[in-house]
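Engineer: The following block contains the structure, expressed as structure tokens.
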Amino acid sequence: MQVLKFGGSSVANAENIQKVLAIVRKASSKDQTIVVVSALGGVTDQLLQIGALAAAGNEAFKEDIKLLEQKHLDTVRTLLPIQAQSATLSWVKQQLNELENLCDGIFLLGELSPRIKDRVASYGELLSSYIIAATANAHQLSIKWVDSRKLIITNAQYGNAAVLFDKTNHAIQSYLKENNASVYLAPGFIAADEKGYTTTLGRGGSDYTGAIY
């Protein structure tokens, strides 16, 4: 088993993502592989800004969400063959609708708690990893997408959660044994506490995610 981790600059645009997949294709021919990716370049900062605007009662957050949505939809349209786009475009729109609903709540309350801030920040890695996995599968590189929140279990210290390694190691080992794929692709940075609430591992946490796997 080998783990490859790609940061925000490696997945900053469609051209770089294609280079990442070429590396994964070559590496995975030698051994079973887990690929961990960050959000598209700059997206985590955009998400945190969106949350802050909503909490401050500034409706500009809605326009920023639209820009974020367009960025990801454009990435899908650039990377995937047209006949393979619809399911991924639909999934991306669903995630951005969820984000907007979440931010509407933040806007109404005028409050951004650490727990909700982690949830807002999580969308970057979820979107990038799902899009990259869909791209790989559309180009005959079989990859199983896995949501790290199902496997990495932490305490409830939102923003910089501590991993509960006994539970996490058991969850990862059980998942790998049950699925036995040759390549897995997982979002970095995000995890979940024992109640299932989204947590994050601190800025730069995608490197840590790779180490955990």
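Each chain in the structure tokens gets a letter, A, B, ..., in the order shown, and its residues are numbered from 1; ligands are numbered from 1 in order too.
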As a list in words, please: the residues near Gln173 in chain A (cut-off 12 Å, only C-alpha atoms, same-chain neighbours under 6 positions excluded).
Structural biologist: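 Listing them by chain and then by number gives Met1, Leu151, Ile152, Phe165, Asp166, Lys167, Asn179, Asn180, Ile212 and Tyr213 of chain A.
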Engineer: Output C-alpha atoms for every residue in the selection just made, as a CSV table (one decimal), in the first residue's frame.
Structural biologist:
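Produced file out37.csv, reproduced below:
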```csv
chain,number,residue,atom,x,y,z
A,1,MET,CA,0.0,0.0,0.0
A,151,LEU,CA,-13.0,6.8,8.3
A,152,ILE,CA,-11.1,9.4,10.3
A,165,PHE,CA,-6.4,6.6,16.4
A,166,ASP,CA,-7.9,3.3,17.8
A,167,LYS,CA,-11.2,4.0,16.2
A,179,ASN,CA,-13.6,-3.0,-0.6
A,180,ASN,CA,-10.2,-4.1,-1.9
A,212,ILE,CA,-3.1,9.0,8.9
A,213,TYR,CA,-3.9,6.8,5.9
```
Engineer: Write out as a Markdown table a residue-level contact list of range 12-104 of chain A versus range 138-144 of chain A with cut-off 8 Å: for each qualifying residue the closest pair of atoms and the distance in Å to one decimal, counting only C-alpha atoms, rows sorted by chain and residue number upward.
Structural biologist:
```
| residue | atom | partner | partner_atom | distance |
| --- | --- | --- | --- | --- |
| A:Arg25 | CA | A:Leu141 | CA | 6.8 |
| A:Leu80 | CA | A:Ala138 | CA | 6.6 |
| A:Pro81 | CA | A:Ala138 | CA | 7.2 |
| A:Ala84 | CA | A:Ala138 | CA | 6.7 |
```
Engineer: Keeping only N, CA, C and O atoms, write the selected residues to a file as a PDB file, in the first residue's frame.
Structural biologist:
```
ATOM      1  N   ARG A  25      -1.807   7.056 -12.262  1.00  0.00           N
ATOM      2  CA  ARG A  25      -1.897   5.894 -13.160  1.00  0.00           C
ATOM      3  C   ARG A  25      -0.590   5.090 -13.136  1.00  0.00           C
ATOM      4  O   ARG A  25      -0.607   3.858 -13.047  1.00  0.00           O
ATOM      5  N   LEU A  80     -14.049  16.364 -17.881  1.00  0.00           N
ATOM      6  CA  LEU A  80     -14.823  15.171 -18.219  1.00  0.00           C
ATOM      7  C   LEU A  80     -15.358  15.228 -19.646  1.00  0.00           C
ATOM      8  O   LEU A  80     -15.767  16.306 -20.106  1.00  0.00           O
ATOM      9  N   PRO A  81     -15.385  14.097 -20.341  1.00  0.00           N
ATOM     10  CA  PRO A  81     -16.049  14.049 -21.647  1.00  0.00           C
ATOM     11  C   PRO A  81     -17.508  14.461 -21.480  1.00  0.00           C
ATOM     12  O   PRO A  81     -18.127  14.156 -20.450  1.00  0.00           O
ATOM     13  N   ALA A  84     -20.141  12.242 -20.032  1.00  0.00           N
ATOM     14  CA  ALA A  84     -19.944  11.762 -18.657  1.00  0.00           C
ATOM     15  C   ALA A  84     -20.110  12.867 -17.623  1.00  0.00           C
ATOM     16  O   ALA A  84     -19.833  12.666 -16.439  1.00  0.00           O
TER      17      ALA A  84
END
```
Engineer: For range 205-208 of chain A, find every residue with an atom within 6 Å (counting only C-alpha atoms), except residues of its own chain fewer than 4 positions away, and show them as a list in words.
Structural biologist: Gly188, Phe189 and Leu201 of chain A
Engineer: Pick from A:Thr200, A:Ala55, A:Asp193, A:Thr33: nearest to Leu112 in chain A, with only C-alpha atoms counted?
Structural biologist: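 When distances to Leu112 in chain A are compared using only C-alpha atoms, the smallest one comes from A:Ala55.
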Engineer: Would you pick out the contacts of Val3 in chain A at 12 Å or less, using only C-alpha atoms, so that residues sharing its chain but fewer than 6 positions from it are not included, and give the list as a list in words?
Structural biologist: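 Residues meeting the cut-off are Val24, Ala27, Ser28, Asp31, Gln32, Thr33, Ile34, Val35, Val36, Val37, Ser182, Val183, Tyr184, Leu185, Ala186, Gly188, Ser206, Asp207, Tyr208, Thr209, Gly210, Ala211, Ile212 and Tyr213 of chain A.
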Engineer: Which residue gives the smallest distance to Leu40 in chain A among A:Lys19, A:Arg77, A:Lys62, A:Lys71, with only C-alpha atoms counted?
Structural biologist: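 Of all the options, A:Lys71 lies closest to Leu40 in chain A.
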Engineer: Could you pull out all residues of range 109-192 of chain A with a DSSP call of alpha helix (DSSP H) and give them as a PyMOL selection string?
Structural biologist: chain A and resi 109+114-138+165-179
